[in-house]
file protein01.csv (CSV, C-alpha atoms (C1' of nucleotides))
chain,number,residue,atom,x,y,z
D,1,MET,CA,-3.3,-3.9,1.1
D,2,PRO,CA,-0.4,-2.8,3.1
D,3,GLU,CA,0.4,0.9,3.4
D,4,LEU,CA,3.4,2.4,5.1
D,5,PRO,CA,2.5,1.5,8.7
D,6,GLU,CA,1.9,-2.1,7.7
D,7,VAL,CA,5.1,-2.3,5.7
D,8,GLU,CA,7.0,-0.7,8.5
D,9,THR,CA,5.6,-3.3,10.9
D,10,VAL,CA,6.6,-6.1,8.6
D,11,VAL,CA,10.1,-4.8,8.3
D,12,ARG,CA,10.5,-4.3,12.0
D,13,ALA,CA,9.2,-7.8,12.8
D,14,LEU,CA,11.3,-9.4,10.2
D,15,ARG,CA,14.6,-7.6,10.9
D,16,PRO,CA,15.8,-9.8,13.9
D,17,HIS,CA,15.1,-12.9,11.8
D,18,ILE,CA,17.1,-12.2,8.7
D,19,GLU,CA,19.4,-9.2,9.2
D,20,GLY,CA,23.0,-10.4,9.1
D,21,ARG,CA,21.9,-13.9,8.0
D,22,VAL,CA,22.9,-15.6,4.8
D,23,LEU,CA,20.2,-16.1,2.1
D,24,GLU,CA,21.1,-19.5,0.6
D,25,SER,CA,18.6,-20.2,-2.1
D,26,THR,CA,15.2,-19.1,-3.6
D,27,GLU,CA,12.3,-21.1,-4.9
D,28,ALA,CA,9.8,-19.4,-7.1
D,29,TYR,CA,6.4,-21.2,-7.3
D,30,ASP,CA,5.0,-18.5,-9.6
D,31,PRO,CA,6.9,-18.3,-12.9
D,32,ALA,CA,6.0,-14.6,-13.2
D,33,LEU,CA,8.5,-13.9,-10.5
D,34,LEU,CA,11.4,-15.6,-12.2
D,35,PRO,CA,12.7,-12.7,-14.3
D,36,GLY,CA,12.9,-10.5,-11.2
D,37,ILE,CA,15.0,-12.8,-9.2
D,38,LYS,CA,17.2,-14.2,-12.0
D,39,PRO,CA,20.1,-11.7,-11.5
D,40,LEU,CA,20.4,-12.7,-7.8
D,41,SER,CA,23.6,-14.5,-7.0
D,42,LEU,CA,23.6,-16.7,-4.0
D,43,PRO,CA,24.5,-17.3,-1.2
D,44,ALA,CA,24.5,-13.7,0.0
D,45,GLN,CA,24.4,-12.1,3.4
D,46,VAL,CA,21.5,-9.7,4.3
D,47,ARG,CA,23.3,-6.5,5.1
D,48,ARG,CA,20.2,-4.6,6.1
D,49,LEU,CA,16.4,-4.7,5.9
D,50,ALA,CA,14.8,-1.3,5.1
D,51,ARG,CA,11.7,0.4,3.9
D,52,ARG,CA,11.2,3.1,1.4
D,53,GLY,CA,7.6,4.2,0.9
D,54,LYS,CA,5.7,0.9,0.6
D,55,TYR,CA,8.7,-1.0,-0.7
D,56,ILE,CA,10.6,-3.5,1.3
D,57,LEU,CA,14.3,-3.5,0.7
D,58,ILE,CA,16.3,-6.6,1.4
D,59,GLU,CA,19.8,-5.3,1.0
D,60,LEU,CA,22.3,-8.0,0.0
D,61,GLU,CA,26.0,-7.9,-0.7
D,62,LYS,CA,25.7,-7.2,-4.4
D,63,GLY,CA,22.4,-5.5,-4.7
D,64,THR,CA,18.9,-5.2,-3.2
D,65,LEU,CA,15.9,-7.5,-3.4
D,66,VAL,CA,13.0,-5.2,-3.7
D,67,VAL,CA,9.6,-6.5,-2.6
D,68,HIS,CA,6.2,-4.7,-3.0
D,69,LEU,CA,3.2,-6.4,-1.5
D,70,ARG,CA,0.6,-4.5,-3.5
D,71,MET,CA,-2.9,-5.4,-2.5
D,72,SER,CA,-2.8,-8.9,-1.0
D,73,GLY,CA,0.9,-9.8,-0.5
D,74,ARG,CA,2.2,-11.0,2.8
D,75,LEU,CA,5.6,-12.0,4.0
D,76,VAL,CA,5.6,-14.9,6.4
D,77,TRP,CA,8.5,-16.1,8.5
D,78,CYS,CA,8.5,-19.9,8.7
D,79,LYS,CA,11.0,-21.8,10.9
D,80,MET,CA,9.8,-24.9,9.1
D,81,GLY,CA,7.0,-26.1,6.8
D,82,VAL,CA,4.8,-23.9,4.7
D,83,PRO,CA,2.3,-21.2,5.6
D,84,GLU,CA,-1.4,-21.3,4.7
D,85,GLY,CA,-2.3,-19.7,1.4
D,86,ARG,CA,-0.8,-19.3,-2.0
D,87,VAL,CA,3.0,-19.3,-1.7
D,88,ARG,CA,4.6,-17.5,-4.7
D,89,LEU,CA,8.2,-17.4,-3.5
D,90,ALA,CA,10.4,-18.8,-0.7
D,91,LEU,CA,13.7,-17.3,0.4
D,92,ARG,CA,15.6,-20.0,2.2
D,93,PHE,CA,17.9,-19.3,5.2
D,94,PRO,CA,19.7,-21.9,7.3
D,95,HIS,CA,17.3,-21.3,10.2
D,96,GLY,CA,14.0,-20.9,8.3
D,97,SER,CA,12.5,-19.4,5.2
D,98,LEU,CA,10.7,-16.2,4.3
D,99,GLN,CA,7.7,-16.9,2.1
D,100,LEU,CA,5.7,-14.5,-0.1
D,101,VAL,CA,2.1,-15.4,0.2
D,102,ASP,CA,-0.2,-13.6,-2.2
D,103,ARG,CA,-3.8,-14.5,-3.0
D,104,ARG,CA,-4.1,-12.0,-5.9
D,105,ARG,CA,-0.6,-12.5,-7.3
D,106,LEU,CA,-0.1,-8.8,-7.7
D,107,ALA,CA,3.0,-8.5,-5.5
D,108,THR,CA,6.3,-7.9,-7.2
D,109,VAL,CA,9.9,-8.9,-6.5
D,110,GLU,CA,13.0,-7.8,-8.3
D,111,PHE,CA,16.8,-7.8,-7.7
D,112,VAL,CA,18.5,-4.6,-8.6
D,113,LYS,CA,22.0,-3.2,-8.2
D,114,LYS,CA,20.6,0.1,-6.9
D,115,PHE,CA,17.1,0.9,-5.7
D,116,GLU,CA,15.7,3.6,-7.9
D,117,LYS,CA,12.0,4.5,-7.9
D,118,PRO,CA,10.3,7.8,-8.6
D,119,LEU,CA,9.2,8.3,-5.0
D,120,GLY,CA,8.4,11.5,-3.2
D,121,PRO,CA,9.9,12.2,0.2
D,122,GLU,CA,9.0,10.1,3.3
D,123,PRO,CA,6.0,11.5,5.1
D,124,PHE,CA,7.9,12.3,8.3
D,125,GLY,CA,10.1,15.1,9.6
D,126,ASP,CA,9.7,18.6,8.3
D,127,LEU,CA,6.8,18.6,5.9
D,128,SER,CA,6.6,22.3,5.3
D,129,TRP,CA,7.6,21.7,1.7
D,130,LEU,CA,3.9,20.7,1.2
D,131,LEU,CA,2.9,24.3,1.2
D,132,TYR,CA,4.7,24.9,-2.1
D,133,ALA,CA,4.1,21.5,-3.6
D,134,LEU,CA,0.3,21.6,-3.0
D,135,ALA,CA,0.0,25.1,-4.5
D,136,LYS,CA,1.1,23.7,-7.9
D,137,SER,CA,-1.5,21.0,-8.2
D,138,ARG,CA,-5.2,21.0,-9.2
D,139,MET,CA,-5.6,17.3,-8.2
D,140,PRO,CA,-8.1,16.5,-5.5
D,141,ILE,CA,-6.0,16.5,-2.3
D,142,LYS,CA,-6.9,12.9,-1.7
D,143,ALA,CA,-5.5,11.9,-5.1
D,144,TRP,CA,-2.4,14.0,-4.4
D,145,LEU,CA,-1.7,12.2,-1.2
D,146,LEU,CA,-2.1,8.8,-2.9
D,147,ASP,CA,0.5,9.8,-5.6
D,148,GLN,CA,3.7,8.1,-4.5
D,149,ARG,CA,5.8,10.4,-6.7
D,150,LYS,CA,4.6,13.3,-4.6
D,151,ILE,CA,4.8,11.8,-1.1
D,152,ALA,CA,5.7,8.2,-0.4
D,153,GLY,CA,3.8,5.6,1.6
D,154,ILE,CA,0.2,6.9,2.0
D,155,GLY,CA,-2.5,4.6,0.8
D,156,ASN,CA,-6.3,4.6,0.6
D,157,ILE,CA,-7.0,4.0,4.3
D,158,TYR,CA,-4.6,6.5,5.8
D,159,ALA,CA,-5.3,9.2,3.2
D,160,ALA,CA,-8.9,9.1,4.4
D,161,GLU,CA,-7.8,9.2,8.1
D,162,ILE,CA,-5.3,12.0,7.6
D,163,LEU,CA,-7.8,14.2,5.8
D,164,PHE,CA,-10.3,13.6,8.5
D,165,ARG,CA,-7.8,14.5,11.2
D,166,ALA,CA,-7.0,17.7,9.2
D,167,GLY,CA,-10.7,18.5,8.7
D,168,ILE,CA,-10.3,18.8,4.9
D,169,ASP,CA,-12.8,17.6,2.3
D,170,PRO,CA,-10.9,15.0,0.1
D,171,ARG,CA,-12.4,16.5,-3.1
D,172,ARG,CA,-10.8,19.9,-2.6
D,173,PRO,CA,-8.2,20.8,-5.2
D,174,ALA,CA,-4.7,20.7,-3.6
D,175,ARG,CA,-4.0,24.3,-4.5
D,176,SER,CA,-7.2,25.5,-2.9
D,177,LEU,CA,-6.0,24.7,0.6
D,178,THR,CA,-5.3,27.6,2.8
D,179,LYS,CA,-2.0,28.0,4.7
D,180,GLY,CA,-3.8,27.0,7.9
D,181,GLU,CA,-5.2,23.9,6.3
D,182,VAL,CA,-1.8,22.9,5.0
D,183,GLN,CA,-0.4,23.3,8.5
D,184,ARG,CA,-3.1,21.0,9.8
D,185,LEU,CA,-2.1,18.5,7.1
D,186,VAL,CA,1.6,18.8,7.9
D,187,LYS,CA,0.7,17.9,11.5
D,188,ALA,CA,-1.9,15.2,10.7
D,189,ILE,CA,0.2,13.1,8.2
D,190,PRO,CA,3.0,12.0,10.6
D,191,GLU,CA,0.6,11.8,13.6
D,192,VAL,CA,-1.7,9.4,11.9
D,193,LEU,CA,1.0,7.3,10.4
D,194,GLU,CA,3.0,7.1,13.7
D,195,GLU,CA,-0.1,6.1,15.6
D,196,ALA,CA,-0.8,3.4,13.1
D,197,ILE,CA,2.7,2.1,13.3
D,198,ALA,CA,2.4,2.1,17.1
D,199,GLY,CA,-0.8,0.0,16.6
D,200,ARG,CA,1.2,-2.3,14.3
D,201,GLY,CA,-1.1,-1.5,11.3
D,202,THR,CA,-4.7,-2.0,10.3
D,203,THR,CA,-6.2,-5.5,10.0
D,204,LEU,CA,-9.7,-5.2,8.5
D,205,PRO,CA,-12.3,-7.8,9.3
D,206,ASP,CA,-12.1,-9.6,5.9
D,207,ALA,CA,-8.4,-8.8,5.3
D,208,GLU,CA,-5.3,-10.9,5.5
D,209,TYR,CA,-2.8,-8.4,6.8
D,210,ARG,CA,-0.6,-9.6,9.6
D,211,ALA,CA,3.0,-9.3,10.6
D,212,PRO,CA,5.4,-12.0,9.4
D,213,THR,CA,5.0,-14.0,12.6
D,214,GLY,CA,1.2,-13.9,12.5
D,215,GLU,CA,0.5,-10.9,14.7
D,216,LEU,CA,-2.6,-8.9,13.8
D,217,GLY,CA,-2.7,-5.1,13.6
D,218,ALA,CA,-4.7,-3.1,16.1
D,219,PHE,CA,-5.2,0.3,14.5
D,220,GLN,CA,-8.5,-0.7,12.8
D,221,VAL,CA,-10.4,0.1,16.1
D,222,LYS,CA,-9.1,3.7,15.8
D,223,LEU,CA,-10.3,4.4,12.2
D,224,ALA,CA,-12.4,7.5,12.3
D,225,VAL,CA,-13.9,7.4,8.7
D,226,TYR,CA,-12.5,4.6,6.6
D,227,GLY,CA,-15.2,1.9,6.2
D,228,GLN,CA,-17.3,3.7,8.8
D,229,LYS,CA,-21.1,4.3,8.6
D,230,VAL,CA,-21.3,7.3,10.9
D,231,CYS,CA,-18.7,9.8,11.9
D,232,GLN,CA,-16.9,8.8,15.1
D,233,ALA,CA,-16.7,12.4,16.1
D,234,CYS,CA,-20.1,14.0,15.4
D,235,GLY,CA,-22.5,11.1,14.4
D,236,THR,CA,-23.1,12.5,10.9
D,237,PRO,CA,-23.5,9.7,8.2
D,238,ILE,CA,-20.2,9.2,6.4
D,239,TRP,CA,-20.1,9.9,2.7
D,240,ARG,CA,-18.5,7.5,0.3
D,241,VAL,CA,-17.4,8.9,-3.1
D,242,LYS,CA,-14.9,7.8,-5.8
D,243,ILE,CA,-11.7,9.8,-6.2
D,244,ALA,CA,-9.0,8.7,-8.6
D,245,GLY,CA,-11.0,5.4,-8.9
D,246,ARG,CA,-10.8,4.6,-5.2
D,247,SER,CA,-13.5,4.6,-2.5
D,248,THR,CA,-13.1,7.6,-0.4
D,249,TYR,CA,-14.8,8.0,3.0
D,250,PHE,CA,-15.3,11.4,4.7
D,251,CYS,CA,-17.5,13.3,7.1
D,252,PRO,CA,-19.3,16.1,5.3
D,253,ASN,CA,-19.7,17.9,8.6
D,254,CYS,CA,-16.1,17.7,10.0
D,255,GLN,CA,-14.4,18.0,6.7
D,256,ARG,CA,-14.8,21.2,4.7
X,1,DT,C1',-5.0,13.8,-14.9
X,2,DC,C1',-7.8,9.9,-15.8
X,3,DA,C1',-9.4,5.5,-17.2
X,4,DT,C1',-7.8,0.9,-17.8
X,5,DC,C1',-5.4,-3.0,-16.7
X,6,DC,C1',-3.0,-6.5,-13.9
X,7,DC,C1',-5.1,-10.9,-10.8
X,8,DT,C1',-8.2,-13.5,-7.8
X,9,DG,C1',-11.8,-14.0,-4.6
X,10,DT,C1',-16.0,-12.5,-2.3
X,11,DG,C1',-20.4,-10.8,-1.7
X,12,DG,C1',-24.8,-8.6,-3.4
I,1,DC,C1',-24.1,-11.3,-13.5
I,2,DC,C1',-21.6,-7.1,-11.6
I,3,DA,C1',-19.1,-4.3,-8.1
I,4,DC,C1',-15.5,-4.2,-5.2
I,5,DA,C1',-10.9,-4.9,-2.6
I,6,DG,C1',-5.5,-1.8,1.3
I,7,DG,C1',-1.4,-1.5,-4.9
I,8,DG,C1',0.8,0.8,-9.0
I,9,DA,C1',2.2,1.1,-14.2
I,10,DT,C1',0.6,2.6,-18.5
I,11,DG,C1',-1.0,5.2,-22.3
I,12,DA,C1',-4.2,8.5,-24.0

call {"tool": "encode", "arguments": {"input": "protein01.csv", "output": "structure tokens"}}
result
Amino acid sequence: MPELPEVETVVRALRPHIEGRVLESTEAYDPALLPGIKPLSLPAQVRRLARRGKYILIELEKGTLVVHLRMSGRLVWCKMGVPEGRVRLALRFPHGSLQLVDRRRLATVEFVKKFEKPLGPEPFGDLSWLLYALAKSRMPIKAWLLDQRKIAGIGNIYAAEILFRAGIDPRRPARSLTKGEVQRLVKAIPEVLEEAIAGRGTTLPDAEYRAPTGELGAFQVKLAVYGQKVCQACGTPIWRVKIAGRSTYFCPNCQR
DNA sequence: TCATCCCTGTGG
DNA sequence: CCACAGGGATGA
């Protein structure tokens, strides 16, 4: 469920609660998470809370607790008591606990000495490298943007929004993009993601995304194509196709 | 590069 | 009953 903007929102909201504080104990309610947290030695101070792609990095003294929320995971900060929903893991601090709530049980947690994942660059800063990278791939551009090894953090919603902003048909092979189209993409990627972060992410009508203190996202009202019936720009009916097994929304008029 | 699987719940 | 849901790892 959460893509980069949602994960970034979670990290920013959580940071003042746990950075510098001492993690005292953990309690796994889902046995599937036990192997991942076994190597964790406690108590340990939280040095830093960070994000890389869609991963949440809780950097401790002797390693990093790596959390991925996948489709339905949420991190909830609780001063006391328990949150609603299926709690899979609790991280206990003296002043409260951080709980992983996850309806579909797809979220992952693991403690590692060093964070190492095959992730592409962050989708910010100078993205001119896209010109060379895209020229090498026959993948549909939408599938390419979703591939975390190529560029980190973009998911199904924002891939659709980015391609709409750039005016590019998601089915186009990556290497078929003209220089001008890649330039539009280079501009659209950080623009869309930064606007979504400013809106504190997207909370869809039936979805459970919210920040750790319960705050809902606000970017859903700005979605141009994802989940839409007609194009917000030209009124043309939005097309929905499958690319790389995922629902893909686009405007056949605005995106060529 | 693609289908399949993981897991659970909801809605048609 | 089946399709679908914002994630990614895996093996063909």

call {"tool": "atom_distance", "arguments": {"input": "protein01.csv", "atom1": "CA of Gly36 in chain D", "atom2": "CA of Pro94 in chain D"}}
result
22.8 Å

call {"tool": "atom_distance", "arguments": {"input": "protein01.csv", "atom1": "CA of Ser97 in chain D", "atom2": "CA of Leu4 in chain D"}}
result
23.6 Å

call {"tool": "interface_residues", "arguments": {"input": "protein01.csv", "of": "chain X", "to": "chain D", "cutoff": "10 Å", "atoms": "all atoms listed in the file", "output": "list of chain:residue names"}}
result
X:DT1, X:DC2, X:DA3, X:DC6, X:DC7, X:DT8, X:DG9, X:DT10

call {"tool": "closest_atom_pairs", "arguments": {"input": "protein01.csv", "of": "chain D", "to": "chain I", "cutoff": "12 Å", "atoms": "only C-alpha atoms (C1' of nucleotides)", "output": "tab-separated table"}}
result
residue	atom	partner	partner_atom	distance
D:Met1	CA	I:DG6	C1'	3.0
D:Pro2	CA	I:DG6	C1'	5.5
D:Glu3	CA	I:DG6	C1'	6.8
D:Leu4	CA	I:DG6	C1'	10.5
D:Pro5	CA	I:DG6	C1'	11.4
D:Glu6	CA	I:DG6	C1'	9.8
D:Val7	CA	I:DG6	C1'	11.5
D:Lys54	CA	I:DG7	C1'	9.3
D:Tyr55	CA	I:DG7	C1'	10.9
D:His68	CA	I:DG7	C1'	8.5
D:Leu69	CA	I:DG7	C1'	7.5
D:Arg70	CA	I:DG7	C1'	3.9
D:Met71	CA	I:DG7	C1'	4.8
D:Ser72	CA	I:DG6	C1'	7.9
D:Gly73	CA	I:DG7	C1'	9.7
D:Arg103	CA	I:DA5	C1'	11.9
D:Arg104	CA	I:DA5	C1'	10.4
D:Arg105	CA	I:DG7	C1'	11.3
D:Leu106	CA	I:DG7	C1'	7.9
D:Ala107	CA	I:DG7	C1'	8.3
D:Thr108	CA	I:DG7	C1'	10.3
D:Lys117	CA	I:DG8	C1'	11.8
D:Pro118	CA	I:DG8	C1'	11.8
D:Leu119	CA	I:DG8	C1'	12.0
D:Leu146	CA	I:DG8	C1'	10.5
D:Asp147	CA	I:DG8	C1'	9.6
D:Gln148	CA	I:DG8	C1'	9.1
D:Arg149	CA	I:DG8	C1'	11.1
D:Gly153	CA	I:DG7	C1'	10.9
D:Ile154	CA	I:DG6	C1'	10.4
D:Gly155	CA	I:DG6	C1'	7.1
D:Asn156	CA	I:DG6	C1'	6.5
D:Ile157	CA	I:DG6	C1'	6.7
D:Tyr158	CA	I:DG6	C1'	9.5
D:Ala159	CA	I:DG6	C1'	11.2
D:Ala160	CA	I:DG6	C1'	11.8
D:Gly201	CA	I:DG6	C1'	10.9
D:Thr202	CA	I:DG6	C1'	9.0
D:Thr203	CA	I:DG6	C1'	9.5
D:Leu204	CA	I:DG6	C1'	9.0
D:Asp206	CA	I:DA5	C1'	9.8
D:Ala207	CA	I:DG6	C1'	8.6
D:Glu208	CA	I:DG6	C1'	10.0
D:Tyr209	CA	I:DG6	C1'	9.0
D:Gln220	CA	I:DG6	C1'	11.9
D:Tyr226	CA	I:DG6	C1'	10.9
D:Gly227	CA	I:DG6	C1'	11.5
D:Gly245	CA	I:DC4	C1'	11.2
D:Arg246	CA	I:DA5	C1'	9.8
D:Ser247	CA	I:DC4	C1'	9.4

call {"tool": "write_last_selection", "arguments": {"input": "protein01.csv", "atoms": "C-alpha atoms", "output": "tab-separated table (two decimals), in the frame of the given file"}}
result
chain	number	residue	atom	x	y	z
D	1	MET	CA	-3.30	-3.90	1.10
D	2	PRO	CA	-0.40	-2.80	3.10
D	3	GLU	CA	0.40	0.90	3.40
D	4	LEU	CA	3.40	2.40	5.10
D	5	PRO	CA	2.50	1.50	8.70
D	6	GLU	CA	1.90	-2.10	7.70
D	7	VAL	CA	5.10	-2.30	5.70
D	54	LYS	CA	5.70	0.90	0.60
D	55	TYR	CA	8.70	-1.00	-0.70
D	68	HIS	CA	6.20	-4.70	-3.00
D	69	LEU	CA	3.20	-6.40	-1.50
D	70	ARG	CA	0.60	-4.50	-3.50
D	71	MET	CA	-2.90	-5.40	-2.50
D	72	SER	CA	-2.80	-8.90	-1.00
D	73	GLY	CA	0.90	-9.80	-0.50
D	103	ARG	CA	-3.80	-14.50	-3.00
D	104	ARG	CA	-4.10	-12.00	-5.90
D	105	ARG	CA	-0.60	-12.50	-7.30
D	106	LEU	CA	-0.10	-8.80	-7.70
D	107	ALA	CA	3.00	-8.50	-5.50
D	108	THR	CA	6.30	-7.90	-7.20
D	117	LYS	CA	12.00	4.50	-7.90
D	118	PRO	CA	10.30	7.80	-8.60
D	119	LEU	CA	9.20	8.30	-5.00
D	146	LEU	CA	-2.10	8.80	-2.90
D	147	ASP	CA	0.50	9.80	-5.60
D	148	GLN	CA	3.70	8.10	-4.50
D	149	ARG	CA	5.80	10.40	-6.70
D	153	GLY	CA	3.80	5.60	1.60
D	154	ILE	CA	0.20	6.90	2.00
D	155	GLY	CA	-2.50	4.60	0.80
D	156	ASN	CA	-6.30	4.60	0.60
D	157	ILE	CA	-7.00	4.00	4.30
D	158	TYR	CA	-4.60	6.50	5.80
D	159	ALA	CA	-5.30	9.20	3.20
D	160	ALA	CA	-8.90	9.10	4.40
D	201	GLY	CA	-1.10	-1.50	11.30
D	202	THR	CA	-4.70	-2.00	10.30
D	203	THR	CA	-6.20	-5.50	10.00
D	204	LEU	CA	-9.70	-5.20	8.50
D	206	ASP	CA	-12.10	-9.60	5.90
D	207	ALA	CA	-8.40	-8.80	5.30
D	208	GLU	CA	-5.30	-10.90	5.50
D	209	TYR	CA	-2.80	-8.40	6.80
D	220	GLN	CA	-8.50	-0.70	12.80
D	226	TYR	CA	-12.50	4.60	6.60
D	227	GLY	CA	-15.20	1.90	6.20
D	245	GLY	CA	-11.00	5.40	-8.90
D	246	ARG	CA	-10.80	4.60	-5.20
D	247	SER	CA	-13.50	4.60	-2.50

call {"tool": "residues_around", "arguments": {"input": "protein01.csv", "residues": "Glu181 in chain D", "least_positions_apart": "3", "cutoff": "8 Å", "atoms": "all atoms listed in the file", "output": "list in words"}}
result
Ala166, Ile168, Leu177, Thr178, Arg184 and Leu185 of chain D

call {"tool": "closest_residue", "arguments": {"input": "protein01.csv", "among": "D:Val192, D:Val101, D:Thr236, D:Phe250", "to": "Glu84 in chain D", "atoms": "all atoms listed in the file"}}
result
D:Val101

call {"tool": "closest_residue", "arguments": {"input": "protein01.csv", "among": "D:Thr248, D:Ile189, D:Phe164, D:Arg175", "to": "Ala233 in chain D", "atoms": "all atoms listed in the file"}}
result
D:Phe164
